[in-house]
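Structure first, commentary second.
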Amino acid sequence: MPLILHIDSDRWRDHLRSTWNPDIVPVAKGNGYGVGNTRLLAESRALGARTVAVGTYTEVPPDFKDDVVVLTPWRPFLEIPQGKNVIHTVSRLADLVSIPAGSRVLIEVQTSMRRHGIGARELRHTMLLNALDRIKFEGWSLHFPMGAGGTSANIREAQELSRAARAVRNGPVWVSHVPAQKLADIGDNVKLRMGTGLWLGDRGALTVRATVLDVHSVRRGERVGYRQRRVAGDGHILVVSGGTAHGVGLEAPTAAATVRQRAIAMAKGSLDAAGMALSPFTIEGKQRWFAEPPHMQASMLFLPSSVAPPAVGDEVGVDVRFTTTVFDKISMD
């Protein structure tokens with residue numbers, strides 16, 4: 001029985017149409033934000049987009065006719081697909097010299113992200129100036145952080161860096177993590193790469209459901225699961241679809257920045273250390289506890305006796321991170 005993503009297709013596409021405009025470059029990368037890159041590329045073309053962005057060279061679809069920007073910077077040791085529609089991102093002076101002449105290139109300028117990019121002080125370096133005459137220059141790329149300084153800080157930095165870059169060579173500026181309505185504040189001819197805000201901007205259009213595979217009554221103190229943990233009270237063990245192979249129960253390091261967020265992370269860590277972890281599965285409006293860590297393709301939950309258990313074959317809600325979840329089935333409702 002599957003872990004299913006239900007998409008209210010009318011509502012989802014209404015959001016896509018109301019969000020996209022010709023200055024927005026849709027991003028289809030990784031697991032396709034849970035929806036799948038093939039579907040996202042088709043939806044991009046239906047919107048009218050003739051340029052899309054992907055994360056890596058391996059994500060460039062074969063025989064794709066529209067322009068594809070590869071966000072991962074070009075490196076001489078990567079396997080590069082052939083095609084005049086591929087736009088490379090170059091983030092080092094040495095790579096500007098190495099990339100084949102005539103290549104379509106976005107030059108990435110380093111921002112406060114400090115991830116990739118040529119430093120602002122290197123923009124007038126002889127290597128860069130000479131390279132501009134041997135490549136097909138497609139513009140400047142700026143990738144900004146999320147959170148911390150917020151929108152206003154990103155806009156100020158975009159204004160400063162785009163002025164410095166355009167003083168070297170005028171051209172489009174491609175940005176990430178800036179609100180679409182603020183692009184004019186940066187200047188003319190600014191393109192916005194958008195993934196999450198486009199595809200997942202209306203979460204109400206996306207519903208995830210897991211199938212109940214088994215239900216067992218248990219008494220307090222009985223042992224269950226691979227690790228034979230004792231249950232905390234009378235109730236039921238539910239076996240539901242969705243496990244580590246789907247991305248359920250897998251977490252990245254906490255992004256806690258405020259005192260409150262850190263306190264929550266500490267409290268959660270203490271529960272985890274005690275062998276207690278809330279699952280993303282919801283029954284009667286509440287997240288339920290894992291009976292033990294999730295298995296590869298299923299999870300075991302503990303449901304107290306005060307709650308009537310669902311029947312085998314019923315579906316229960318799941319709150320997942322779409323960028324890390326692989327669904328067995330996607331249903332366009």
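In the structure tokens, the first chain shown is A, the next is B, and so on; residue numbers restart at 1 for each chain, and ligands run from 1 in the order shown.
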| Shell around region 117-131 of chain A at 7 Å using only C-alpha atoms, local window under 2 positions removed, as an MDAnalysis selection string | chainID A and resid 91:93 96:97 108:110 115 133:135 165 168
| task | Might you pull out every residue within 12 Å of Gly36 (chain A), with only C-alpha atoms counted and same-chain residues fewer than 2 positions away left off, and present them as an MDAnalysis selection string? | result | chainID A and resid 5 27:34 38:43 59 199 322:330
| task | Could you tell me which of A:Met332, A:Phe137, A:Trp289, A:Gly225 comes closest to Ile7 (chain A) if we count only C-alpha atoms? | result |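 Ranked by minimum distance to Ile7 (chain A), first place goes to A:Met332.
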| message | Using only C-alpha atoms, which protein or nucleic acid residues come within 12 Å of Asp214 (chain A)? Drop anything in the same chain fewer than 2 positions from it, and give the result as an MDAnalysis selection string. | response | chainID A and resid 1 211:212 216:217 236:241 298:301 309:315
| query | What separation in Å, quoted to one decimal, exists between CA of Asp8 (chain A) and CA of Asp333 (chain A)? | reply |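 Between CA of Asp8 (chain A) and CA of Asp333 (chain A) the gap is 5.1 Å.
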| field | Among listed residues A:Val178, A:Leu47, A:Ala153, A:Val307, nearest Arg193 (chain A) (using only C-alpha atoms) | value |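 Closest to Arg193 (chain A) of all the choices is A:Val178.
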